[in-house]
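Quick notes on the structure that follows.
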Amino acid sequence: MTDAALLAPDLGHLNWPFFDDDHRRFADSLNDWARRHVDAYVDHADVDGTCRTLVRALGDAGWLKAVVPSAYGGVSETLDVRRLCIAREILAWHDSLADFAFAMQGLGSGSISLFGSDWLKQKYLPPVREGRQIAAFALSEPEAGSDVSALATSAVPDGPDHIRINGLKTWISNGGIADHYVVFARTGEAPGAKGLSAFVVDADTPGLSIAGHIDTIAPHPLATLRFADCRVPLTHRLGMPGEGFKIAMATLDIFRSTVGAAALGMARRALDEAVKHASERMLFDAPLADLQLTQAAMADSAVDIDAATLLVYRAGWTKDHYRVRVTREASAAKLFATEMAQRVIDRAVQIFGGRGVCRGVKIEALYREIRALRIYEGASEVQKIVIARELLKARHTKIRQAAE
Ligand code: COS
């Protein structure tokens with residue numbers, strides 16, 4: 001057996017009851033495509049160029065059909081969360097930028113798929129699916145990341161058919177390379193969460209500029225955007241005035257599970273690398289894998305990964321099957337899977353010893369790349385708030401029902 005065949009993602013969990021044959025076929029072909037193409041497309045020294053190339057390649061190969069509904073060239077009538085998760089898990093196993101390029105086409109267009117008018121969907125979704133346009137999601141601000149209801153970017157009426165957007169958005173993935181942004185702004189119908197609306201803003205709209213690029217420990221296209229009297233037609237609004245918070249949360253309810261799936265892919269890759277290394281590395285006249293402490297670390301990681309897999313695909317299956325709000329399931333999936341991936345990758349670094357912290361080694365890259373997943377799309381602490389609130393809400397509902 002070749003080295004490459006020995007180190008390939010194990011997709012055995014796709015035989016679990018959450019999936020159908022179509023998911024399994026999709027996974028096999030995507031994995032085969034990623035194995036043949038991803039390394040050739042990725043240059044971590046040029047993340048902007050790499051992401052542009054990857055989006056185009058993913059579109060040409062048809063993989064971005066997973067991120068739009070079938071009426072706009074996608075695969076299923078509504079977004080199939082399990083398919084999105086499978087794609088992220090496989091791509092993240094191969095390379096974090098491949099996952100990033102795919103994921104952002106989904107997150108950046110997700111609010112349009114869910115809440116856009118037919119006209120907006122016709123205008124924006126086909127080019128996203130084909131990889132001809134790059135999408136982005138602009139929610140966070142310097143003073144409003146976890147607390148979305150505090151966001152301050154304003155959108156005020158400008159004549160009968162337009163609004164004018166002013167403010168700063170930061171931590172915007174694909175910032176600088178996106179063709180359009182879904183922007184959340186305060187329109188003031190009510191205080192707090194009830195006074196926000198969402199708009200699709202083309203990147204070349206006068207007044208929209210890049211205020212700065214952000215460099216992180218695992219670089220990807222990331223920027224701060226400035227909106228200075230940016231005039232946007234009202235036809236670019238998603239949903240109704242004041243629905244912005246709900247639109248952001250409903251979009252995150254889908255994509256948080258997929259962050260968990262990306263973490264799964266990274267954790268699986270780390271464990272695969274660790275098992276390979278522990279089997280080949282000799283220590284005290286025997287393979288490192290013969291040491292029971294090494295075996296304990298590998299076993300803990302395998303169980304962690306299985307548990308996270310169940311949570312991620314439970315969330316996806318529930319959303320796909322019942323088409324209901326899965327706020328608690330998605331938060332649990334993201335929280336557990338990203339925290340567990342950090343643990344699994346850290347154990348893998350330990351198994352690699354000094355080599356695990358050397359630049360150019362896959363484990364070292366994973367160690368840097370996993371960290372942001374515990375923060376973006378709602379930090380672990382926010383997921384705990386969301387889960388606890390859902391528990392309390394369920395209790396209040398029971399009390400109210402008992403009193404009726
Ligand atoms: N789907 C639909 N509606 C939702 C919802 C969801 N998932 N979550 C909340 N809502 C609704 C609520 O039902 C409420 O409406 P009603 O008053 O009519 O019931 C309204 O939205 C406000 O909800 P809530 O009171 O929970 O708002 P808060 O401001 O307290 O929300 C949290 C706090 C922390 C939950 C929210 O701000 C959050 O998720 N923050 C993290 C955001 C994030 O992920 N940032 C990263 C940027 S994206 S990379």
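Ordered as shown in the structure tokens, chains take letters A, B, and onward, while each chain numbers its residues from 1 and ligands are numbered from 1 in the order shown.
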- Message: Which residues are near ligand 1 in this structure, taking near to mean any atom at most 8 Å from a ligand atom and counting only C-alpha atoms and all ligand atoms? Format them as a PyMOL selection string.
- Response: chain A and resi 137-140+145-150+171-173+192-194+245-253+325-327+375-379+382-383+385-386+389
- Message: Would you pick out the contacts of region 128-136 of chain A at 8 Å or less, using only C-alpha atoms, so that residues sharing its chain but fewer than 2 positions from it are not included, and give the list as JSON, numbers by chain?
- Response: {"A": [52, 55, 56, 57, 58, 59, 60, 62, 64, 65, 67, 68, 73, 74, 104, 105, 106, 107, 108, 109, 124, 125, 126, 138, 172, 173, 174, 175, 177, 178, 179, 180, 181, 182]}
- Task: Tell me which protein, DNA and RNA residues are within 7 Å of Leu234 (chain A), counting only C-alpha atoms, leaving out same-chain ones fewer than 2 positions away, and put them as a ChimeraX atom specification.
- Result: /A:161-163,232,236-237
- Query: What separation in Å, quoted to one decimal, exists between CA of Glu143 (chain A) and CA of Leu168 (chain A)?
  - Reply: 9.6 Å
- Interatomic distance (Å, one decimal) between CA of Tyr72 (chain A) and CA of Gln122 (chain A):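 Interatomic distance here is 6.7 Å.
The list of residues with at least one atom within 9 Å of Ala87 (chain A), based on only C-alpha atoms and without residues fewer than 2 positions apart in the same chain, reads Phe26, Ala27, Leu30, Asn31, Trp63, Ala66, Arg82, Arg83, Leu84, Cys85, Glu89, Ile90, Leu91, Ala92, Asp99, Phe102, Ala103, Thr258, Ala261 and Ala262 of chain A.
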With N, CA and C atoms kept, could you save the residues just selected as a CSV table (one decimal), in the first residue's frame?
```csv
chain,number,residue,atom,x,y,z
A,26,PHE,N,-21.2,11.9,-3.1
A,26,PHE,CA,-20.6,13.2,-3.1
A,26,PHE,C,-19.3,13.2,-2.3
A,27,ALA,N,-19.2,12.6,-1.2
A,27,ALA,CA,-18.0,12.6,-0.4
A,27,ALA,C,-16.9,11.9,-1.1
A,30,LEU,N,-15.7,14.2,-4.1
A,30,LEU,CA,-15.0,15.4,-3.6
A,30,LEU,C,-13.7,15.0,-3.1
A,31,ASN,N,-13.6,13.9,-2.3
A,31,ASN,CA,-12.3,13.5,-1.7
A,31,ASN,C,-11.3,13.2,-2.8
A,63,TRP,N,-18.5,21.8,-7.3
A,63,TRP,CA,-18.7,21.6,-5.9
A,63,TRP,C,-19.5,22.7,-5.2
A,66,ALA,N,-23.3,22.9,-4.0
A,66,ALA,CA,-23.8,22.6,-2.6
A,66,ALA,C,-24.2,23.9,-1.8
A,82,ARG,N,-26.0,18.7,5.8
A,82,ARG,CA,-25.1,17.6,5.8
A,82,ARG,C,-24.1,17.6,4.7
A,83,ARG,N,-24.6,18.0,3.5
A,83,ARG,CA,-23.7,18.1,2.4
A,83,ARG,C,-22.6,19.2,2.6
A,84,LEU,N,-23.1,20.3,3.1
A,84,LEU,CA,-22.1,21.4,3.4
A,84,LEU,C,-21.1,20.9,4.4
A,85,CYS,N,-21.6,20.2,5.5
A,85,CYS,CA,-20.7,19.7,6.5
A,85,CYS,C,-19.7,18.7,5.9
A,89,GLU,N,-15.7,19.1,6.0
A,89,GLU,CA,-14.9,18.2,6.7
A,89,GLU,C,-13.8,17.6,5.7
A,90,ILE,N,-14.2,17.3,4.5
A,90,ILE,CA,-13.2,16.7,3.6
A,90,ILE,C,-12.1,17.7,3.1
A,91,LEU,N,-12.6,18.9,2.8
A,91,LEU,CA,-11.7,20.0,2.3
A,91,LEU,C,-10.7,20.4,3.4
A,92,ALA,N,-11.3,20.5,4.7
A,92,ALA,CA,-10.4,20.8,5.8
A,92,ALA,C,-9.4,19.8,6.1
A,99,ASP,N,-10.9,24.6,2.5
A,99,ASP,CA,-12.2,24.7,3.3
A,99,ASP,C,-12.7,26.1,3.3
A,102,PHE,N,-14.4,27.3,0.1
A,102,PHE,CA,-15.7,26.7,0.0
A,102,PHE,C,-16.7,27.4,1.0
A,103,ALA,N,-16.2,27.4,2.2
A,103,ALA,CA,-17.1,27.8,3.3
A,103,ALA,C,-17.6,29.2,3.1
A,258,THR,N,-21.4,23.8,10.2
A,258,THR,CA,-20.3,23.5,9.3
A,258,THR,C,-18.9,23.9,9.8
A,261,ALA,N,-17.9,20.9,11.4
A,261,ALA,CA,-17.5,19.9,10.5
A,261,ALA,C,-16.0,20.2,10.0
A,262,ALA,N,-15.7,21.5,9.8
A,262,ALA,CA,-14.3,21.8,9.4
A,262,ALA,C,-13.3,21.4,10.5
```
- Task: With a distance cut-off of 12 Å and only C-alpha atoms, select the neighbouring residues of Lys276 (chain A), excluding the residue or stretch itself and same-chain residues fewer than 6 positions from it, and output the selection as JSON, numbers by chain.
- Result: {"A": [3, 4, 5, 6, 7, 8, 269, 270, 282, 287, 288, 289, 298, 348, 351, 352]}
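Of the listed residues (A:Cys51, A:Ile86, A:Arg371, A:Leu11), A:Arg371 comes nearest to Thr216 (chain A); the distances count only C-alpha atoms.
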- Nearest residue to Val259 (chain A) from the set A:Ala286, A:Ala185, A:Leu238, A:Ala333 (distances using only C-alpha atoms):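 Nearest to Val259 (chain A): A:Ala333.
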- Task: Write out as a count of residues only each polymer residue whose atoms come within 12 Å of Gly167 (chain A), counting only C-alpha atoms; drop sequence neighbours fewer than 4 positions from it.
- Result: 28
- Quick one: of A:Asp80, A:Glu280, A:Asp43, A:Asp10, who's nearest to His321 (chain A), counting only C-alpha atoms?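 For His321 (chain A), the nearest of the given residues is A:Asp80.
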- DSSP helix (DSSP H, G or I) residues within region 11-175 of chain A, as JSON, numbers by chain: {"A": [12, 13, 14, 15, 21, 22, 23, 24, 25, 26, 27, 28, 29, 30, 31, 32, 33, 34, 35, 36, 37, 38, 39, 40, 41, 47, 48, 49, 50, 51, 52, 53, 54, 55, 56, 57, 58, 59, 60, 63, 64, 65, 66, 67, 70, 71, 72, 81, 82, 83, 84, 85, 86, 87, 88, 89, 90, 91, 92, 93, 94, 96, 97, 98, 99, 100, 101, 102, 103, 104, 105, 106, 107, 108, 109, 110, 111, 112, 113, 114, 115, 118, 119, 120, 121, 122, 123, 124, 125, 126, 127, 128, 129, 130, 148, 149, 150]}
- For Trp33 (chain A), which of A:Ser331, A:Gly242, A:Asp158, A:Ala98 is the closest residue, counting only C-alpha atoms?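 Looking only at the distances to Trp33 (chain A), the closest residue turns out to be A:Ala98.
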